[in-house]
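One file, model_15.txt, carrying compact mmCIF, C-alpha atoms and all ligand atoms:
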# COMPACT_ATOMS: atom_id res chain seq x y z
CA MET A 1 90.15 97.85 125.03
CA THR A 2 93.20 95.86 125.96
CA THR A 3 96.62 96.55 124.55
CA PRO A 4 99.72 94.38 124.98
CA THR A 5 101.28 94.95 128.38
CA ALA A 6 104.30 97.25 128.31
CA GLN A 7 107.71 95.72 128.97
CA PRO A 8 109.78 96.54 132.08
CA LEU A 9 110.88 100.16 132.07
CA PRO A 10 114.62 100.78 132.19
CA ALA A 11 115.73 104.26 133.33
CA THR A 12 116.96 106.63 130.60
CA SER A 13 119.89 109.02 130.84
CA ARG A 14 117.25 111.80 131.11
CA GLY A 15 115.95 110.31 134.32
CA GLY A 16 112.49 109.21 133.17
CA PRO A 17 111.51 105.64 132.39
CA MET A 18 112.11 104.48 128.82
CA ILE A 19 108.90 103.54 126.99
CA HIS A 20 109.53 100.19 125.30
CA VAL A 21 107.49 99.45 122.19
CA GLN A 22 107.10 96.14 120.33
CA GLU A 23 108.60 96.27 116.86
CA ASP A 24 105.53 95.38 114.81
CA ARG A 25 102.97 97.92 115.95
CA GLU A 26 102.42 101.58 116.67
CA PRO A 27 103.04 102.75 120.24
CA THR A 28 99.81 103.40 122.10
CA LEU A 29 98.85 106.53 124.00
CA LEU A 30 95.94 107.33 126.30
CA VAL A 31 95.04 111.01 126.49
CA ILE A 32 92.72 111.99 129.37
CA GLY A 33 90.76 115.17 128.63
CA GLY A 34 89.54 116.51 125.30
CA GLY A 35 89.94 120.28 125.57
CA ILE A 36 92.51 122.26 123.60
CA ALA A 37 95.36 120.62 125.57
CA GLY A 38 94.22 117.02 125.04
CA ALA A 39 93.08 117.60 121.45
CA SER A 40 96.45 119.16 120.57
CA VAL A 41 98.36 116.32 122.23
CA ALA A 42 96.23 113.79 120.31
CA TYR A 43 96.86 115.65 117.04
CA PHE A 44 100.63 115.94 117.37
CA ALA A 45 100.99 112.44 118.82
CA ALA A 46 99.09 110.96 115.86
CA ARG A 47 101.36 112.86 113.48
CA SER A 48 104.34 111.30 115.28
CA GLY A 49 102.99 107.80 114.82
CA TRP A 50 101.22 107.09 118.12
CA ALA A 51 97.91 105.23 118.12
CA VAL A 52 95.86 107.55 120.32
CA THR A 53 92.79 106.87 122.45
CA LEU A 54 91.20 110.03 123.83
CA LEU A 55 89.13 109.69 127.01
CA ASP A 56 86.95 112.70 127.63
CA ALA A 57 84.11 113.29 130.07
CA ALA A 58 83.25 116.43 128.02
CA GLU A 59 82.04 118.18 131.19
CA ALA A 60 82.87 121.79 132.12
CA ARG A 61 85.22 122.09 129.15
CA ALA A 62 86.79 125.57 129.26
CA SER A 63 87.85 125.09 125.65
CA ASP A 64 84.24 125.41 124.51
CA VAL A 65 84.63 129.18 125.00
CA PRO A 66 82.58 130.73 122.14
CA ALA A 67 85.30 133.26 121.26
CA ALA A 68 88.85 132.68 122.41
CA LEU A 69 91.16 135.57 121.69
CA LEU A 70 94.58 134.95 120.26
CA ASP A 71 96.09 137.96 121.99
CA PRO A 72 99.87 137.77 122.44
CA ALA A 73 99.86 140.55 125.08
CA ARG A 74 97.08 139.18 127.27
CA GLY A 75 96.51 140.71 130.73
CA GLN A 76 96.93 144.22 132.05
CA SER A 77 100.62 144.20 132.97
CA GLY A 78 101.90 144.60 129.42
CA ARG A 79 104.10 141.54 129.99
CA MET A 80 104.17 138.98 127.24
CA ASP A 81 104.90 135.30 127.58
CA VAL A 82 108.27 134.60 125.95
CA ARG A 83 106.65 131.93 123.76
CA ALA A 84 103.59 134.02 122.86
CA LEU A 85 104.58 134.93 119.32
CA GLU A 86 105.65 131.37 118.49
CA GLY A 87 102.42 130.02 119.99
CA LEU A 88 100.31 132.58 118.15
CA ARG A 89 101.81 131.70 114.78
CA LEU A 90 101.51 127.95 115.38
CA SER A 91 97.83 128.26 116.37
CA TRP A 92 97.01 130.26 113.23
CA SER A 93 98.94 127.91 111.00
CA LEU A 94 97.12 124.92 112.53
CA ILE A 95 93.77 126.58 111.79
CA ARG A 96 94.82 127.25 108.18
CA ARG A 97 96.03 123.67 107.72
CA LEU A 98 92.86 122.18 109.23
CA GLU A 99 90.60 124.44 107.16
CA ALA A 100 92.51 123.52 104.00
CA ARG A 101 91.56 119.92 104.79
CA GLY A 102 87.87 120.75 105.06
CA HIS A 103 87.43 121.36 108.80
CA ARG A 104 85.33 124.43 109.58
CA ILE A 105 86.71 126.67 112.33
CA PRO A 106 84.99 130.06 112.65
CA HIS A 107 87.70 132.66 113.26
CA GLU A 108 88.96 136.05 112.17
CA HIS A 109 92.64 136.85 111.95
CA ASN A 110 92.23 140.62 111.77
CA GLY A 111 93.90 141.90 114.92
CA VAL A 112 93.13 142.66 118.56
CA LEU A 113 92.70 146.19 119.89
CA ARG A 114 93.93 147.00 123.41
CA PRO A 115 92.64 150.41 124.66
CA LEU A 116 94.84 151.81 127.46
CA ALA A 117 93.57 154.41 129.91
CA SER A 118 96.77 156.28 130.80
CA ASP A 119 100.30 157.22 129.75
CA LEU A 120 101.53 154.93 132.53
CA ALA A 121 99.67 151.94 131.10
CA ARG A 122 101.13 152.66 127.66
CA ALA A 123 104.63 152.93 129.13
CA LYS A 124 104.23 149.48 130.74
CA PHE A 125 103.28 147.92 127.43
CA GLU A 126 106.04 149.75 125.56
CA ARG A 127 108.57 148.43 128.06
CA HIS A 128 107.55 144.83 127.52
CA LEU A 129 106.52 144.56 123.87
CA PRO A 130 109.23 142.74 121.92
CA PRO A 131 110.27 144.51 118.70
CA GLU A 132 109.51 141.38 116.66
CA LEU A 133 105.81 141.56 117.60
CA PRO A 134 104.07 143.70 114.95
CA HIS A 135 102.09 146.45 116.67
CA HIS A 136 100.78 149.97 116.05
CA TRP A 137 99.90 152.79 118.44
CA LEU A 138 96.72 154.64 117.41
CA THR A 139 94.88 157.65 118.73
CA ALA A 140 91.17 157.45 119.57
CA ALA A 141 90.39 159.33 116.35
CA ARG A 142 91.83 156.43 114.33
CA SER A 143 90.20 153.64 116.30
CA PRO A 144 89.01 150.74 114.11
CA ALA A 145 86.26 150.05 116.69
CA PRO A 146 83.65 152.29 118.34
CA LEU A 147 84.95 153.27 121.80
CA ALA A 148 83.68 155.43 124.64
CA PRO A 149 85.63 158.66 125.26
CA GLY A 150 88.62 158.48 127.60
CA TRP A 151 91.02 156.07 125.90
CA PRO A 152 94.12 158.09 125.02
CA HIS A 153 96.17 155.17 123.69
CA LEU A 154 95.13 152.25 121.51
CA LEU A 155 97.47 149.34 120.89
CA LEU A 156 96.64 147.40 117.73
CA LEU A 157 98.13 143.91 117.49
CA PRO A 158 97.47 142.94 113.86
CA GLU A 159 98.50 139.29 114.27
CA GLY A 160 95.83 138.69 116.92
CA GLY A 161 92.24 137.63 116.38
CA TRP A 162 89.52 135.31 117.67
CA LEU A 163 88.43 131.73 117.08
CA ALA A 164 85.59 129.43 118.12
CA GLY A 165 87.16 127.19 120.77
CA ALA A 166 85.00 124.09 120.38
CA ALA A 167 85.41 124.06 116.59
CA LEU A 168 89.20 124.01 116.80
CA VAL A 169 89.09 121.22 119.39
CA THR A 170 86.69 119.17 117.24
CA ALA A 171 88.86 119.63 114.16
CA LEU A 172 92.07 118.62 115.97
CA ILE A 173 90.46 115.47 117.35
CA ALA A 174 88.98 114.53 113.95
CA ALA A 175 92.30 115.14 112.21
CA SER A 176 94.13 113.00 114.78
CA ARG A 177 91.83 110.06 113.98
CA ALA A 178 92.03 109.18 117.66
CA THR A 179 89.63 106.62 119.06
CA VAL A 180 87.36 108.72 121.28
CA ARG A 181 85.76 107.26 124.42
CA ARG A 182 83.21 109.41 126.24
CA GLY A 183 83.44 108.99 130.03
CA ARG A 184 85.23 109.95 133.17
CA VAL A 185 88.54 108.39 134.16
CA ALA A 186 88.45 107.62 137.87
CA THR A 187 92.18 106.88 138.33
CA TRP A 188 95.27 106.64 136.16
CA ASP A 189 98.97 105.94 136.38
CA ALA A 190 101.91 105.68 133.97
CA HIS A 191 100.32 102.97 131.81
CA THR A 192 96.65 102.59 132.69
CA ALA A 193 93.44 104.56 132.98
CA THR A 194 90.46 103.15 134.87
CA LEU A 195 87.09 104.42 133.74
CA ALA A 196 84.41 105.25 136.33
CA GLY A 197 82.60 101.98 135.45
CA GLY A 198 85.71 99.94 136.28
CA GLU A 199 87.06 99.21 132.76
CA VAL A 200 90.85 99.38 132.65
CA LEU A 201 92.64 100.61 129.53
CA SER A 202 96.37 100.28 129.11
CA ALA A 203 98.98 101.81 126.82
CA GLU A 204 102.65 102.63 126.59
CA ALA A 205 102.02 106.12 127.94
CA VAL A 206 99.29 108.23 129.55
CA VAL A 207 98.93 112.02 129.21
CA TRP A 208 96.56 113.84 131.55
CA CYS A 209 95.00 117.07 130.19
CA GLY A 210 92.13 117.46 132.64
CA GLY A 211 91.93 121.26 132.99
CA SER A 212 90.05 122.88 135.85
CA ILE A 213 87.38 120.21 136.27
CA GLY A 214 89.94 117.40 136.05
CA ALA A 215 92.13 118.92 138.74
CA THR A 216 89.01 119.20 140.90
CA TRP A 217 88.06 115.55 140.36
CA GLY A 218 91.64 114.30 140.90
CA GLY A 219 92.54 110.66 140.34
CA GLY A 220 96.18 110.47 139.29
CA THR A 221 98.88 109.24 141.62
CA GLY A 222 100.84 112.30 142.63
CA LEU A 223 98.32 114.85 141.28
CA PRO A 224 98.90 117.75 143.67
CA THR A 225 96.04 119.90 144.81
CA SER A 226 98.13 122.91 145.76
CA GLY A 227 99.76 125.57 143.58
CA GLN A 228 96.89 125.75 141.13
CA THR A 229 93.98 128.17 141.13
CA HIS A 230 90.63 127.96 139.39
CA ARG A 231 88.95 131.03 138.04
CA GLY A 232 85.43 131.28 136.70
CA GLY A 233 84.23 133.63 134.02
CA THR A 234 81.28 134.27 131.76
CA LEU A 235 80.69 135.40 128.23
CA LEU A 236 77.39 137.09 127.45
CA LEU A 237 76.19 136.12 123.98
CA LEU A 238 75.06 139.13 121.94
CA ASP A 239 72.80 139.18 118.91
CA ARG A 240 75.27 141.30 116.99
CA ALA A 241 78.96 142.12 116.98
CA VAL A 242 79.58 145.38 118.83
CA THR A 243 83.08 145.77 117.36
CA PRO A 244 84.51 144.59 114.03
CA LEU A 245 87.53 143.04 115.80
CA PRO A 246 88.21 141.89 119.38
CA VAL A 247 88.65 144.74 121.87
CA SER A 248 90.20 143.84 125.20
CA SER A 249 90.76 145.82 128.38
CA GLY A 250 89.92 143.86 131.52
CA VAL A 251 86.81 142.58 129.71
CA TYR A 252 86.64 141.67 126.07
CA LEU A 253 84.22 142.17 123.22
CA SER A 254 84.57 139.96 120.21
CA PRO A 255 82.62 139.03 117.11
CA ILE A 256 81.51 135.40 116.76
CA ILE A 257 79.78 133.45 114.03
CA GLN A 258 76.51 132.12 115.46
CA GLU A 259 75.14 128.63 114.79
CA ASN A 260 72.78 130.06 112.14
CA GLY A 261 75.81 131.46 110.31
CA GLN A 262 74.96 135.06 111.26
CA ARG A 263 77.50 137.36 112.85
CA GLY A 264 76.98 137.86 116.59
CA GLY A 265 79.14 138.96 119.46
CA VAL A 266 80.31 138.21 123.00
CA LEU A 267 81.15 140.30 126.01
CA GLY A 268 83.08 138.53 128.71
CA ALA A 269 85.94 138.08 131.11
CA THR A 270 87.31 135.69 133.68
CA PHE A 271 86.32 137.78 136.65
CA GLU A 272 85.25 135.56 139.54
CA ALA A 273 87.60 135.40 142.55
CA PRO A 274 90.27 132.68 142.37
CA ALA A 275 88.91 129.49 143.96
CA PRO A 276 90.35 126.18 145.18
CA GLN A 277 88.18 124.23 142.73
CA CYS A 278 86.17 124.41 139.53
CA ASN A 279 82.81 126.15 139.73
CA VAL A 280 80.84 126.83 136.56
CA GLY A 281 77.50 127.63 138.13
CA GLY A 282 77.02 130.80 136.08
CA PRO A 283 77.67 134.45 136.85
CA ALA A 284 76.79 136.07 140.17
CA LEU A 285 74.54 139.12 139.77
CA ARG A 286 77.22 141.46 141.07
CA SER A 287 79.63 140.00 138.50
CA LEU A 288 77.13 140.75 135.74
CA ASN A 289 76.87 144.33 136.94
CA TRP A 290 80.63 144.68 136.89
CA LEU A 291 80.82 143.18 133.41
CA LEU A 292 78.20 145.53 132.00
CA SER A 293 79.74 148.59 133.64
CA ARG A 294 83.18 147.70 132.24
CA ALA A 295 81.65 147.20 128.81
CA SER A 296 79.98 150.59 128.83
CA ALA A 297 83.26 152.22 129.94
CA LEU A 298 84.86 150.50 126.96
CA THR A 299 82.38 151.17 124.20
CA GLY A 300 79.63 153.42 125.57
CA ASN A 301 76.22 152.04 124.76
CA LEU A 302 76.28 148.28 124.06
CA SER A 303 73.28 148.61 121.68
CA SER A 304 72.85 144.86 121.33
CA THR A 305 70.63 142.23 122.92
CA VAL A 306 71.93 139.57 125.30
CA THR A 307 70.72 136.20 123.95
CA GLY A 308 72.37 133.87 126.46
CA PHE A 309 75.56 133.20 128.36
CA TRP A 310 78.41 130.71 128.58
CA SER A 311 80.37 130.11 131.79
CA GLY A 312 83.64 128.29 132.26
CA SER A 313 86.52 127.83 134.68
CA ARG A 314 90.17 128.02 133.81
CA LEU A 315 93.07 126.54 135.72
CA SER A 316 96.32 128.40 136.39
CA GLY A 317 99.64 126.92 137.44
CA GLU A 318 101.12 125.25 134.37
CA ARG A 319 101.90 121.53 134.54
CA PHE A 320 103.99 120.22 131.68
CA GLY A 321 105.89 116.97 131.16
CA GLN A 322 106.39 113.74 133.01
CA GLN A 323 105.07 113.63 136.57
CA PRO A 324 106.46 111.73 139.56
CA GLY A 325 103.83 108.99 138.99
CA GLY A 326 105.30 108.31 135.51
CA TRP A 327 102.33 109.71 133.60
CA TRP A 328 102.56 112.92 131.61
CA ALA A 329 100.61 116.17 132.00
CA LEU A 330 99.68 119.25 130.04
CA SER A 331 97.39 121.44 132.07
CA GLY A 332 97.02 124.76 133.93
CA LEU A 333 97.09 126.85 130.75
CA GLY A 334 95.38 129.79 132.45
CA SER A 335 94.04 132.40 130.03
CA LYS A 336 96.40 131.29 127.24
CA GLY A 337 95.04 127.87 126.34
CA PHE A 338 94.66 128.69 122.65
CA LEU A 339 97.80 130.80 122.48
CA LEU A 340 100.16 128.26 124.05
CA GLY A 341 98.25 124.94 124.22
CA PRO A 342 99.13 123.66 120.72
CA LEU A 343 102.77 124.80 121.05
CA LEU A 344 103.25 123.09 124.43
CA ALA A 345 101.44 119.98 123.18
CA ARG A 346 103.85 119.71 120.25
CA GLU A 347 106.79 119.98 122.63
CA LEU A 348 105.34 117.47 125.06
CA VAL A 349 104.84 114.96 122.25
CA ALA A 350 108.44 115.47 121.12
CA GLU A 351 109.65 114.74 124.66
CA LEU A 352 107.35 111.78 125.04
CA SER A 353 108.49 110.35 121.72
CA GLY A 354 112.09 110.78 122.82
CA HIS A 355 111.34 108.31 125.63
CA SER A 356 110.02 105.72 123.21
CA SER A 357 112.28 102.88 122.07
CA GLY A 358 110.58 101.58 118.95
CA PRO A 359 112.54 99.81 116.24
CA SER A 360 114.16 103.05 115.09
CA GLY A 361 114.29 104.60 118.55
CA SER A 362 111.19 106.73 117.93
CA PRO A 363 107.56 106.18 116.99
CA ARG A 364 106.98 105.47 113.34
CA PRO A 365 105.68 108.37 111.27
CA SER A 366 102.18 108.10 109.88
CA SER A 367 100.06 110.60 108.02
CA PRO A 368 96.83 111.44 109.80
CA ASP A 369 94.70 114.16 108.27
CA GLY A 370 96.14 117.59 108.88
C1 LIG B 401 85.56 132.94 130.46
C2 LIG B 401 86.83 132.41 129.85
C3 LIG B 401 87.42 133.10 128.79
C4 LIG B 401 88.61 132.62 128.23
N1 LIG B 401 89.15 133.31 127.17
C5 LIG B 401 90.29 132.83 126.59
C6 LIG B 401 90.85 133.51 125.47
O1 LIG B 401 90.33 134.54 125.03
N2 LIG B 401 91.99 133.00 124.91
C7 LIG B 401 92.59 131.86 125.40
O2 LIG B 401 93.62 131.42 124.86
N3 LIG B 401 92.08 131.22 126.48
C8 LIG B 401 90.96 131.68 127.07
N4 LIG B 401 90.44 131.04 128.16
C9 LIG B 401 91.20 129.92 128.75
C10 LIG B 401 91.02 128.64 127.98
O3 LIG B 401 89.64 128.41 127.81
C11 LIG B 401 91.71 127.51 128.76
O4 LIG B 401 93.07 127.83 128.98
C12 LIG B 401 91.68 126.21 127.99
O5 LIG B 401 90.41 125.96 127.43
C13 LIG B 401 92.03 125.03 128.90
O6 LIG B 401 92.04 123.89 128.11
P1 LIG B 401 92.29 122.46 128.74
O7 LIG B 401 92.31 121.51 127.60
O8 LIG B 401 93.46 122.51 129.65
O9 LIG B 401 91.00 122.18 129.68
P2 LIG B 401 89.47 122.04 129.31
O10 LIG B 401 89.12 122.76 128.07
O11 LIG B 401 88.70 122.39 130.55
O12 LIG B 401 89.28 120.50 128.98
C14 LIG B 401 89.40 119.51 129.95
C15 LIG B 401 88.55 118.33 129.49
O13 LIG B 401 88.97 117.17 130.20
C16 LIG B 401 87.84 116.49 130.69
N5 LIG B 401 88.28 115.74 131.87
C17 LIG B 401 88.83 116.23 132.98
N6 LIG B 401 89.14 115.24 133.84
C18 LIG B 401 88.76 114.10 133.23
C19 LIG B 401 88.78 112.73 133.63
N7 LIG B 401 89.25 112.36 134.83
N8 LIG B 401 88.30 111.82 132.76
C20 LIG B 401 87.81 112.18 131.54
N9 LIG B 401 87.76 113.47 131.13
C21 LIG B 401 88.23 114.40 131.97
C22 LIG B 401 86.84 117.58 130.99
O14 LIG B 401 85.52 117.08 131.10
C23 LIG B 401 87.06 118.50 129.78
O15 LIG B 401 86.28 118.07 128.68
C24 LIG B 401 89.24 131.46 128.75
C25 LIG B 401 88.64 130.76 129.79
C26 LIG B 401 87.45 131.22 130.35
C27 LIG B 401 86.82 130.45 131.48

As a first step, turn the structure in this file into structure tokens.
Amino acid sequence: MTTPTAQPLPATSRGGPMIHVQEDREPTLLVIGGGIAGASVAYFAARSGWAVTLLDAAEARASDVPAALLDPARGQSGRMDVRALEGLRLSWSLIRRLEARGHRIPHEHNGVLRPLASDLARAKFERHLPPELPHHWLTAARSPAPLAPGWPHLLLLPEGGWLAGAALVTALIAASRATVRRGRVATWDAHTATLAGGEVLSAEAVVWCGGSIGATWGGGTGLPTSGQTHRGGTLLLLDRAVTPLPVSSGVYLSPIIQENGQRGGVLGATFEAPAPQCNVGGPALRSLNWLLSRASALTGNLSSTVTGFWSGSRLSGERFGQQPGGWWALSGLGSKGFLLGPLLARELVAELSGHSSGPSGSPRPSSPDG
């Protein structure tokens, strides 16, 4: 693919280079990486009038997680990201909009249950939960899921739920009508991406959304290797759902819809030690032991059969916006890729579009599906 070469780049009052676009065509965008970050950028960019080409190696994609929880109070600290509620509502509304247009995204929007083991743990959550986040405190006797004894406090977050990661990504990419190229980008800069085979693609702007594997491969001018950590985890696939809704406390149990359409389940966590690079080799035996012991502390007897496993690596240390090399980035979404990825992608596209000087000062609107 060859696109017209971009014009010289005058500096804007906001410091970044202005993206200059010819009057008679859509501005072009290369998105590197097709996980939830790249798919969301492609989707919102297409809605803002960019002609998007998505370049994805489709290797070690954390976003293929079989059940991603939309849990606004993720983690054990009780702290909530300030944008969590906004992100949660955007992700659900995207799913509704995509499903209304015929995309199938297995999900259930029926809450997340957080069992807490002590009064102290409850106090931490109570301190941090914002009043605008709907939540209920339940006793064990009123638990909507079977739990082992020893959980004095249950926090029910009714706006939470689970979704099939790969299905949402696929739907976003299809709705964006992006041109998809399968392959690894070896290097990139503000206006070009060079594929591993040597082909050079160019566009008005480049957004890197490489996730854990992409940060390990490197390739962008100014892509730092420090300040980001990679963390592996595994989901065991179960032949049946152990709980009717996701239950999360260090590990999580969630229903899924299996490929045959039957209800199944997962038990998982991101539990491997933080590492300097991506490693998705599968779970260590001692990790499996830990996972199973945490699960039995949570629910007692698992009473389901393990049918397989899925392993992934997530990257922490958020990178958002224009980078010193002139290209843009959305990456390092940690354990909140599905909670915050679409929201941050929408904001990144708004910023990127603000740098574009088309005929009306912004990319022309178009109406891709969704
Ligand atoms: C076990 C586990 C459980 C999780 N549970 C949850 C959960 O419950 N809720 C939640 O919100 N999040 C969860 N996460 C985190 C979530 O999966 C990630 O935050 C999210 O998927 C990251 O998305 P991404 O698009 O940044 O990266 P990825 O999904 O990893 O996508 C990156 C893509 O870019 C491609 N790529 C990289 N570099 C290049 C290149 N140079 N050229 C071409 N292609 C490239 C890769 O091959 C890959 O396809 C979990 C993660 C794990 C590992």

Could you tell me, counting all atoms listed in the file, which protein and nucleic acid residues lie no more than 7 Å from ligand LIG 401 (chain B), written as a PyMOL selection string? chain A and resi 32-38+55-65+67-70+183-186+209-215+217-219+231-235+268-270+311-315+331-339

Atomic separation - CA of Arg346 (chain A) relative to CA of Leu90 (chain A), Å: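 Here the two named atoms are 9.9 Å from each other.
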
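Atom to atom, CA of Leu138 (chain A) and CA of Ala84 (chain A) stand 22.4 Å apart.
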
What does the distance from CA of Pro149 (chain A) to CA of Gly78 (chain A) come to in Å, to one decimal?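 CA of Gly78 (chain A) lies at a distance of 21.9 Å from CA of Pro149 (chain A).
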
Between A:Leu238, A:Leu168, A:Val112, A:Leu133, single out the one closest to Tyr43 (chain A), counting all atoms listed in the file.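 Of the candidates, the smallest distance to Tyr43 (chain A) is held by A:Leu168.
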
Contacts between region 248-251 of chain A and region 13-119 of chain A, please, where a residue of region 13-119 of chain A counts if it comes within 10 Å (with all atoms listed in the file); show its shortest atom pair and distance in Å to one decimal, rows by chain and ascending number, as a tab-separated table.
residue	atom	partner	partner_atom	distance
A:Leu69	CA	A:Ser248	CA	9.0
A:Asp71	CA	A:Ser248	CA	8.9
A:Arg74	CA	A:Ser248	CA	8.6
A:Gly75	CA	A:Gly250	CA	7.3
A:Gln76	CA	A:Gly250	CA	7.0
A:Val112	CA	A:Ser248	CA	7.4
A:Leu113	CA	A:Ser248	CA	6.3
A:Arg114	CA	A:Ser248	CA	5.2
A:Pro115	CA	A:Ser249	CA	6.2
A:Leu116	CA	A:Ser249	CA	7.3
A:Ala117	CA	A:Ser249	CA	9.2

Show which residues sit within 7 Å of region 189-201 of chain A, as a PyMOL selection string. Count all atoms listed in the file, and ignore same-chain residues fewer than 4 positions away. chain A and resi 1-2+183-185+205-206+220-221+325-327

Residues just named, written with C-alpha atoms as a compact mmCIF listing (two decimals), in the coordinates of the input:
# COMPACT_ATOMS: atom_id res chain seq x y z
CA MET A 1 90.15 97.85 125.03
CA THR A 2 93.20 95.86 125.96
CA GLY A 183 83.44 108.99 130.03
CA ARG A 184 85.23 109.95 133.17
CA VAL A 185 88.54 108.39 134.16
CA ALA A 205 102.02 106.12 127.94
CA VAL A 206 99.29 108.23 129.55
CA GLY A 220 96.18 110.47 139.29
CA THR A 221 98.88 109.24 141.62
CA GLY A 325 103.83 108.99 138.99
CA GLY A 326 105.30 108.31 135.51
CA TRP A 327 102.33 109.71 133.60

Region 171-175 of chain A surroundings by only C-alpha atoms, 9 Å radius, close-in-sequence under 3 positions cut, as a PyMOL selection string: chain A and resi 34+36+38-40+42-43+46+54+94-95+98-99+101+103-105+166-168+178+180+368-370

Give me, as a list in words, all polymer residues having an atom no more than 7 Å from Trp328 (chain A), counting all atoms listed in the file and skipping those fewer than 5 positions away in the same chain. Val206, Val207, Trp208, Gly321, Gln322 and Gln323 of chain A

Measuring between only C-alpha atoms, which one of A:Pro144, A:Gly227, A:Gly261, A:Pro244 shows the shortest distance to Pro274 (chain A)? A:Gly227

Contact residues around Ser77 (chain A) with all atoms listed in the file at 9 Å, ignoring same-chain residues under 6 positions, as an NGL selection string: :A and (121 or 124-125 or 128)

As an mmCIF file, in the coordinates of the input, the rebuilt region 211-216 of chain A with all heavy atoms:
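Okay, out24.cif is ready:
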data_model
loop_
_atom_site.group_PDB
_atom_site.id
_atom_site.type_symbol
_atom_site.label_atom_id
_atom_site.label_comp_id
_atom_site.auth_asym_id
_atom_site.auth_seq_id
_atom_site.Cartn_x
_atom_site.Cartn_y
_atom_site.Cartn_z
ATOM 1 N N GLY A 211 92.425 119.892 132.764
ATOM 2 C CA GLY A 211 91.930 121.260 132.990
ATOM 3 C C GLY A 211 91.384 121.450 134.392
ATOM 4 O O GLY A 211 91.675 120.688 135.330
ATOM 5 N N SER A 212 90.555 122.487 134.537
ATOM 6 C CA SER A 212 90.050 122.880 135.850
ATOM 7 C C SER A 212 89.178 121.787 136.480
ATOM 8 O O SER A 212 89.344 121.426 137.648
ATOM 9 C CB SER A 212 89.261 124.183 135.702
ATOM 10 O OG SER A 212 88.626 124.544 136.893
ATOM 11 N N ILE A 213 88.267 121.226 135.701
ATOM 12 C CA ILE A 213 87.380 120.210 136.270
ATOM 13 C C ILE A 213 88.165 118.944 136.622
ATOM 14 O O ILE A 213 87.926 118.301 137.644
ATOM 15 C CB ILE A 213 86.187 119.894 135.320
ATOM 16 C CG1 ILE A 213 85.157 118.986 135.985
ATOM 17 C CG2 ILE A 213 86.637 119.251 134.023
ATOM 18 C CD1 ILE A 213 84.402 119.625 137.091
ATOM 19 N N GLY A 214 89.138 118.607 135.794
ATOM 20 C CA GLY A 214 89.940 117.400 136.050
ATOM 21 C C GLY A 214 90.769 117.523 137.311
ATOM 22 O O GLY A 214 90.895 116.570 138.088
ATOM 23 N N ALA A 215 91.340 118.719 137.525
ATOM 24 C CA ALA A 215 92.130 118.920 138.740
ATOM 25 C C ALA A 215 91.231 118.877 139.968
ATOM 26 O O ALA A 215 91.651 118.488 141.061
ATOM 27 C CB ALA A 215 92.861 120.263 138.661
ATOM 28 N N THR A 216 89.967 119.250 139.796
ATOM 29 C CA THR A 216 89.010 119.200 140.900
ATOM 30 C C THR A 216 88.625 117.751 141.202
ATOM 31 O O THR A 216 88.553 117.345 142.365
ATOM 32 C CB THR A 216 87.758 120.019 140.535
ATOM 33 O OG1 THR A 216 88.168 121.359 140.251
ATOM 34 C CG2 THR A 216 86.731 120.037 141.657
#
